[in-house]
>>> print(open('entry_5.txt').read())   # compact mmCIF, C-alpha atoms
# COMPACT_ATOMS: atom_id res chain seq x y z
CA MET A 1 223.18 148.07 157.23
CA SER A 2 220.68 145.27 156.56
CA SER A 3 221.52 142.62 154.02
CA GLN A 4 219.87 142.59 150.61
CA PRO A 5 216.73 140.39 150.43
CA GLN A 6 217.57 137.08 148.78
CA ARG A 7 214.24 135.67 147.57
CA LEU A 8 212.04 138.36 146.05
CA ILE A 9 208.63 138.06 144.49
CA ALA A 10 206.60 140.76 142.75
CA ALA A 11 202.89 140.68 141.94
CA LEU A 12 200.30 142.81 140.18
CA ASP A 13 196.58 143.10 140.85
CA LEU A 14 195.13 144.44 137.60
CA GLY A 15 191.76 145.94 138.53
CA SER A 16 189.15 148.04 136.76
CA THR A 17 189.73 151.13 138.92
CA LYS A 18 193.33 150.74 140.07
CA ILE A 19 196.48 148.68 139.64
CA VAL A 20 198.30 147.50 142.75
CA ALA A 21 201.91 146.32 142.76
CA VAL A 22 203.55 144.56 145.69
CA ILE A 23 207.10 143.34 146.29
CA ALA A 24 207.79 140.84 149.04
CA GLU A 25 210.59 138.71 150.40
CA VAL A 26 209.84 135.00 150.64
CA THR A 27 210.23 133.65 154.18
CA GLY A 28 209.97 130.20 155.74
CA ASP A 29 210.19 126.99 153.75
CA ALA A 30 207.98 124.79 151.58
CA ARG A 31 206.12 123.42 154.60
CA ASP A 32 205.54 126.79 156.21
CA PRO A 33 205.89 129.52 153.57
CA GLY A 34 205.46 133.20 154.28
CA ALA A 35 206.12 136.63 152.84
CA LYS A 36 207.46 139.89 154.22
CA ILE A 37 206.03 142.90 152.37
CA LEU A 38 208.78 145.27 151.29
CA GLY A 39 207.08 147.65 148.89
CA LEU A 40 203.61 148.66 147.71
CA GLY A 41 202.46 150.80 144.79
CA VAL A 42 198.91 151.87 143.90
CA GLU A 43 197.91 153.72 140.74
CA ARG A 44 194.41 154.57 139.59
CA SER A 45 193.66 153.40 136.08
CA GLY A 46 190.76 152.94 133.70
CA GLY A 47 192.67 150.90 131.15
CA ILE A 48 191.21 147.54 132.24
CA ARG A 49 187.53 146.67 132.42
CA ARG A 50 186.35 143.41 134.00
CA GLY A 51 189.79 141.88 133.59
CA VAL A 52 190.11 142.80 129.90
CA VAL A 53 192.51 145.45 128.56
CA ARG A 54 190.60 148.36 126.99
CA ASP A 55 193.50 150.82 126.67
CA ILE A 56 197.03 149.44 126.29
CA GLU A 57 198.78 152.79 126.76
CA GLU A 58 196.86 153.66 129.93
CA THR A 59 197.37 150.19 131.39
CA THR A 60 201.09 150.27 130.60
CA ARG A 61 201.42 153.70 132.23
CA ALA A 62 199.65 152.54 135.39
CA ILE A 63 201.74 149.35 135.64
CA ASP A 64 204.94 151.34 135.22
CA LYS A 65 204.00 153.87 137.89
CA ALA A 66 202.74 151.30 140.40
CA MET A 67 205.84 149.13 139.98
CA LYS A 68 208.20 152.10 140.30
CA SER A 69 206.48 153.15 143.54
CA ALA A 70 206.75 149.61 144.94
CA GLN A 71 210.42 149.31 143.95
CA ARG A 72 211.23 152.71 145.44
CA MET A 73 209.64 151.72 148.74
CA ALA A 74 211.32 148.30 148.77
CA GLY A 75 214.70 149.63 147.68
CA VAL A 76 215.10 146.83 145.15
CA GLU A 77 214.46 146.23 141.46
CA VAL A 78 212.59 143.27 139.98
CA GLY A 79 212.22 141.94 136.45
CA ALA A 80 209.53 139.26 136.57
CA ILE A 81 206.01 139.70 137.92
CA TYR A 82 203.19 137.36 138.89
CA CYS A 83 199.94 138.77 137.48
CA GLY A 84 196.51 138.07 138.91
CA ILE A 85 193.75 137.42 136.42
CA ALA A 86 189.98 137.25 136.84
CA GLY A 87 186.78 138.29 135.09
CA GLU A 88 183.90 136.93 133.07
CA HIS A 89 186.30 135.52 130.46
CA VAL A 90 187.58 132.98 133.03
CA ALA A 91 185.84 129.60 132.92
CA GLY A 92 186.13 126.49 135.06
CA ARG A 93 185.04 122.91 134.55
CA SER A 94 185.78 119.45 135.91
CA SER A 95 187.52 116.77 133.88
CA HIS A 96 188.16 113.06 134.44
CA GLY A 97 191.26 111.04 133.61
CA MET A 98 192.24 107.38 134.02
CA VAL A 99 195.51 105.42 133.56
CA SER A 100 196.90 101.99 134.38
CA VAL A 101 199.54 101.87 137.09
CA THR A 102 202.87 100.73 135.65
CA GLY A 103 204.56 99.31 138.77
CA ASP A 104 203.79 97.71 142.11
CA GLU A 105 202.79 101.04 143.62
CA ILE A 106 201.67 104.43 142.41
CA ARG A 107 204.55 106.76 141.63
CA THR A 108 204.91 110.43 140.80
CA SER A 109 205.02 109.60 137.10
CA ASP A 110 201.64 107.83 137.34
CA VAL A 111 200.06 110.87 139.00
CA ALA A 112 201.55 113.16 136.36
CA ARG A 113 200.17 110.92 133.57
CA VAL A 114 196.64 110.84 134.96
CA ASN A 115 196.65 114.60 135.55
CA ASP A 116 197.83 115.14 131.97
CA MET A 117 195.13 112.78 130.71
CA ALA A 118 192.42 114.77 132.52
CA SER A 119 193.86 118.07 131.28
CA ASN A 120 194.21 116.96 127.65
CA VAL A 121 190.84 118.24 126.42
CA SER A 122 189.88 120.71 123.72
CA PHE A 123 189.30 124.29 124.84
CA GLY A 124 188.63 125.73 121.40
CA ARG A 125 190.82 128.10 119.45
CA ASP A 126 190.13 131.13 121.65
CA HIS A 127 190.80 129.66 125.10
CA GLU A 128 193.83 128.20 126.82
CA LEU A 129 194.51 126.40 130.07
CA LEU A 130 195.51 128.54 133.05
CA HIS A 131 195.38 126.01 135.92
CA ALA A 132 194.77 122.27 136.24
CA ILE A 133 193.92 121.69 139.90
CA PRO A 134 193.60 118.07 141.10
CA GLN A 135 190.42 117.56 143.13
CA ASP A 136 190.25 113.88 144.05
CA TYR A 137 191.90 110.60 143.12
CA LEU A 138 190.43 107.11 142.85
CA ILE A 139 192.42 103.89 143.12
CA ASP A 140 190.62 100.84 141.75
CA GLN A 141 187.35 102.80 142.01
CA GLN A 142 187.95 103.71 145.67
CA GLY A 143 187.58 107.49 146.01
CA GLY A 144 188.32 110.17 148.57
CA ILE A 145 192.10 109.96 148.12
CA SER A 146 194.05 113.21 148.17
CA GLU A 147 197.60 111.83 147.87
CA PRO A 148 197.89 108.51 146.01
CA ILE A 149 201.71 108.32 145.75
CA GLY A 150 203.02 105.17 147.44
CA MET A 151 199.67 103.37 147.48
CA THR A 152 199.02 100.04 145.77
CA GLY A 153 196.56 99.67 142.92
CA SER A 154 196.20 98.80 139.25
CA ARG A 155 194.04 101.70 138.02
CA LEU A 156 194.38 105.37 138.94
CA GLU A 157 191.71 107.97 138.20
CA ALA A 158 191.71 111.71 138.77
CA GLU A 159 189.12 114.46 138.95
CA VAL A 160 190.77 117.73 137.88
CA TYR A 161 189.32 121.26 137.90
CA LEU A 162 190.40 123.08 134.74
CA VAL A 163 190.53 126.88 134.66
CA THR A 164 190.67 128.42 131.19
CA VAL A 165 190.92 132.01 129.93
CA LEU A 166 190.65 133.80 126.61
CA SER A 167 194.02 133.69 124.85
CA SER A 168 193.68 137.28 123.65
CA VAL A 169 193.21 138.51 127.22
CA LEU A 170 196.48 136.90 128.34
CA GLN A 171 198.30 138.23 125.30
CA ASN A 172 197.14 141.82 125.82
CA LEU A 173 197.88 141.79 129.55
CA GLY A 174 201.32 140.34 128.82
CA LYS A 175 201.90 143.03 126.20
CA CYS A 176 201.17 145.77 128.75
CA VAL A 177 203.57 144.27 131.29
CA ASP A 178 206.24 143.88 128.60
CA ARG A 179 205.86 147.49 127.44
CA ALA A 180 206.28 148.63 131.04
CA GLY A 181 209.68 146.89 131.06
CA TYR A 182 208.90 143.67 132.94
CA GLN A 183 208.29 140.00 132.23
CA VAL A 184 205.27 137.92 133.26
CA ALA A 185 206.50 135.12 135.49
CA GLU A 186 203.06 133.53 135.59
CA PHE A 187 199.38 134.38 135.39
CA VAL A 188 197.48 133.32 138.51
CA LEU A 189 193.74 133.05 139.12
CA GLU A 190 193.04 135.85 141.59
CA PRO A 191 190.43 134.00 143.71
CA LEU A 192 192.92 131.17 144.15
CA ALA A 193 195.66 133.59 145.23
CA ALA A 194 193.24 135.39 147.56
CA SER A 195 192.28 132.12 149.24
CA LEU A 196 195.91 131.44 150.15
CA ALA A 197 196.07 134.84 151.84
CA VAL A 198 192.79 134.91 153.77
CA LEU A 199 191.55 131.36 154.37
CA THR A 200 192.72 128.92 157.03
CA PRO A 201 193.14 125.20 156.22
CA ASP A 202 190.06 124.45 158.35
CA GLU A 203 187.93 126.91 156.38
CA ILE A 204 189.01 125.40 153.06
CA GLU A 205 188.35 121.90 154.39
CA LEU A 206 184.92 122.60 155.92
CA GLY A 207 183.75 124.74 153.00
CA CYS A 208 183.42 128.46 152.40
CA ALA A 209 183.02 131.09 149.72
CA VAL A 210 185.39 133.96 148.91
CA VAL A 211 183.72 137.05 147.44
CA GLU A 212 185.97 139.74 145.95
CA LEU A 213 184.01 142.91 145.30
CA GLY A 214 185.99 144.87 142.71
CA GLY A 215 185.31 147.98 140.70
CA GLY A 216 184.14 146.31 137.49
CA SER A 217 183.22 142.77 138.53
CA THR A 218 182.72 140.59 141.59
CA ASN A 219 184.61 137.30 141.70
CA VAL A 220 183.20 134.36 143.64
CA SER A 221 185.02 131.14 144.44
CA ILE A 222 183.81 128.10 146.38
CA PHE A 223 186.10 125.88 148.46
CA HIS A 224 185.32 122.52 150.05
CA SER A 225 187.28 119.49 151.26
CA GLY A 226 190.55 121.32 150.87
CA LYS A 227 190.12 122.27 147.20
CA ILE A 228 188.65 124.99 145.02
CA ARG A 229 185.40 123.64 143.55
CA HIS A 230 183.98 126.53 141.55
CA THR A 231 184.85 130.00 140.38
CA GLY A 232 182.71 132.60 138.65
CA SER A 233 182.38 136.31 137.93
CA LEU A 234 179.38 138.60 138.43
CA LEU A 235 178.92 141.86 136.55
CA CYS A 236 177.59 143.71 139.61
CA ALA A 237 180.44 145.49 141.41
CA GLY A 238 181.56 148.63 143.22
CA GLY A 239 181.37 150.76 140.09
CA HIS A 240 177.62 150.15 139.92
CA VAL A 241 177.22 151.48 143.47
CA THR A 242 179.13 154.63 142.52
CA ALA A 243 176.98 155.09 139.41
CA ASP A 244 173.79 154.75 141.49
CA ILE A 245 175.04 157.46 143.86
CA VAL A 246 175.81 159.74 140.91
CA HIS A 247 172.27 159.42 139.55
CA GLY A 248 170.47 159.27 142.88
CA LEU A 249 172.16 162.21 144.58
CA GLN A 250 173.10 164.19 141.47
CA VAL A 251 176.79 164.51 142.34
CA THR A 252 179.93 164.09 140.26
CA GLN A 253 181.65 160.75 139.77
CA HIS A 254 184.56 161.88 141.95
CA ASP A 255 182.30 163.03 144.78
CA ALA A 256 180.20 159.87 144.55
CA GLU A 257 183.30 157.71 144.99
CA ARG A 258 184.41 159.75 148.01
CA LEU A 259 180.93 159.53 149.57
CA LYS A 260 180.89 155.77 149.09
CA GLU A 261 184.32 155.29 150.62
CA ARG A 262 183.71 157.61 153.58
CA PHE A 263 180.07 157.05 154.48
CA GLY A 264 179.00 153.89 152.67
CA ALA A 265 177.78 150.82 154.54
CA ALA A 266 176.48 147.53 153.18
CA PHE A 267 174.56 146.59 156.34
CA GLU A 268 171.79 149.01 157.34
CA PRO A 269 171.65 148.16 161.10
CA LEU A 270 175.23 149.44 161.41
CA VAL A 271 174.11 152.97 160.41
CA PRO A 272 172.50 155.11 163.17
CA GLU A 273 169.30 156.90 162.16
CA SER A 274 170.83 160.16 163.36
CA ASP A 275 173.80 159.78 161.01
CA VAL A 276 173.56 162.73 158.58
CA PHE A 277 176.18 164.19 156.23
CA ASP A 278 176.21 167.14 153.85
CA LEU A 279 176.31 166.56 150.13
CA PRO A 280 179.03 168.39 148.19
CA SER A 281 177.70 171.30 146.17
CA THR A 282 177.59 170.83 142.41
CA PRO A 283 178.17 173.66 139.96
>>> encode(input="entry_5.txt", output="C-alpha cells")
Amino acid sequence: MSSQPQRLIAALDLGSTKIVAVIAEVTGDARDPGAKILGLGVERSGGIRRGVVRDIEETTRAIDKAMKSAQRMAGVEVGAIYCGIAGEHVAGRSSHGMVSVTGDEIRTSDVARVNDMASNVSFGRDHELLHAIPQDYLIDQQGGISEPIGMTGSRLEAEVYLVTVLSSVLQNLGKCVDRAGYQVAEFVLEPLAASLAVLTPDEIELGCAVVELGGGSTNVSIFHSGKIRHTGSLLCAGGHVTADIVHGLQVTQHDAERLKERFGAAFEPLVPESDVFDLPSTP
C-alpha cells in the first residue's frame, strides 16, 4: 500500500462556463519544484461571469461538486484552496519606490522596505492589492539589477508591478468557497499561475504573450526580461463564438457548443474544403 501524500495543494479555476478543481502532491524542492496531479474535478456552472460571482448558490454548488470529485479521485481530503482570479475587474500598474541603504551592503530588510514603499499607494476604497511583483532594481541610479541583496550602494530603488482587484469580488468568491466547506489559502492571478505552468524560463526572458481564451473573457498577459509586464482582460471569448453559431445556424445553445467543440477551427487553412457535417435537427 502506497504511503499517504505528505505535501498536498488544492486549486480552483473559477470560470464562466465551468469550475475546475485539482489536487496535487508537491514534489522536488524550492530550486526545482514540481507537482504530481492526484485528483481532478470538473463541474459546469453559470454562477460566475467574467470572474464575478452572479449566483452564490450556483457557484457554491459547483465548487462543492468539483472538489468532491477531485478528492474522491485523489483519495484524500483538503481544507484550504488556492483560487485563481481574473477578469475585467483586475487592474495592473507600475509603481516606484526608493530608500536609503542602512548598512555597508544591501540586505533583505532593505529590499523589503523598498518593495513596501513602492506598494504603499492608494487604490481607492473599492480595490485592494492582490500581488506586488518586483520588476527591476536600481542601485545608485544603476538599473537592470534583478537581485540586489549583497551588493554595495547607498540608495536602492525598485520598480514594482501592482495587481489590484475589486474588494467585493474577492469577498464574494471567498464566501462561495467558505459555504462549500473550504478555506481560501490565497487568491492568485490566473495569467501568472498559467505562465508558471506553460512557459519556459527562456520564453519569459525573451518575451512572449499568454492568451487564455475562456468562456466569458479572454485574459492576456505580457512577459519580458523574466517578469510579467502587463495583464489585461478582453470581453470577447468562447461564449461569443457559441452565440454566433446559435444565431447563424439556428441551433440550440447546447448543440452550438457541441458543434464548436467537435468541428470548430480557428485557422481556416486547417479545414479541408470537402469537410462537411450535418446540422442537428431543431424542433
>>> closest_residue(input="entry_5.txt", among="A:Phe267, A:Phe187, A:Tyr137, A:Tyr182", to="Glu77 of chain A", atoms="all atoms listed in the file")
A:Tyr182
>>> closest_residue(input="entry_5.txt", among="A:Leu206, A:Met98, A:Val188, A:Val114", to="Gln141 of chain A", atoms="all atoms listed in the file")
A:Met98
>>> closest_residue(input="entry_5.txt", among="A:Leu235, A:Leu189, A:Val246, A:Ile139", to="Arg155 of chain A", atoms="all atoms listed in the file")
A:Ile139
>>> residues_around(input="entry_5.txt", residues="Leu8 of chain A", least_positions_apart="3", cutoff="9 Å", atoms="all atoms listed in the file", output="VMD selection string")
chain A and resid 5 23 to 26 78
>>> closest_residue(input="entry_5.txt", among="A:Gly46, A:Gly39, A:Gly87, A:Gly238", to="Leu170 of chain A", atoms="all atoms listed in the file")
A:Gly87
>>> closest_residue(input="entry_5.txt", among="A:Gly181, A:Val52, A:Leu192, A:Ser100", to="Met67 of chain A", atoms="only C-alpha atoms")
A:Gly181
>>> closest_residue(input="entry_5.txt", among="A:Ser109, A:Ser122, A:Gln71, A:Gln135", to="Arg229 of chain A", atoms="all atoms listed in the file")
A:Gln135
>>> atom_distance(input="entry_5.txt", atom1="atom CA of Gln250 of chain A", atom2="atom CA of Ala265 of chain A")
19.3 Å
>>> atom_distance(input="entry_5.txt", atom1="atom CA of Ile19 of chain A", atom2="atom CA of Gly248 of chain A")
28.3 Å
>>> residues_around(input="entry_5.txt", residues="Arg50 of chain A", least_positions_apart="4", cutoff="12 Å", atoms="only C-alpha atoms", output="list in words")
Leu14, Gly15, Ser16, Thr17, Lys18, Gly46, Arg54, Ile85, Ala86, Gly87, Glu88, His89, Val90, Val169, Leu213, Gly214, Gly215, Gly216, Ser217, Thr218, Asn219, Ser233, Leu234, Leu235, Cys236, Ala237, Gly238 and Gly239 of chain A
>>> axis_aligned_box(input="entry_5.txt", around="segment 275-280 of chain A", padding_each_side="8 Å", output="lines of an AutoDock Vina configuration file")
center_x = 176.3
center_y = 164.1
center_z = 154.6
size_x = 21.5
size_y = 24.6
size_z = 28.8
>>> atom_distance(input="entry_5.txt", atom1="atom CA of Lys260 of chain A", atom2="atom CA of Thr242 of chain A")
6.9 Å
>>> residues_around(input="entry_5.txt", residues="segment 159-164 of chain A", least_positions_apart="5", cutoff="8 Å", atoms="only C-alpha atoms", output="number ranges by chain")
A: 90-97, 115, 118-119, 123, 127-137, 229
>>> residues_around(input="entry_5.txt", residues="segment 251-254 of chain A", least_positions_apart="3", cutoff="9 Å", atoms="all atoms listed in the file", output="list of chain:residue names")
A:Thr242, A:Ala243, A:Ile245, A:Val246, A:His247, A:Gly248, A:Glu257, A:Arg258, A:Leu259, A:Leu279, A:Pro280, A:Ser281, A:Thr282
>>> residues_around(input="entry_5.txt", residues="segment 221-228 of chain A", least_positions_apart="5", cutoff="6 Å", atoms="all atoms listed in the file", output="number ranges by chain")
A: 204-210
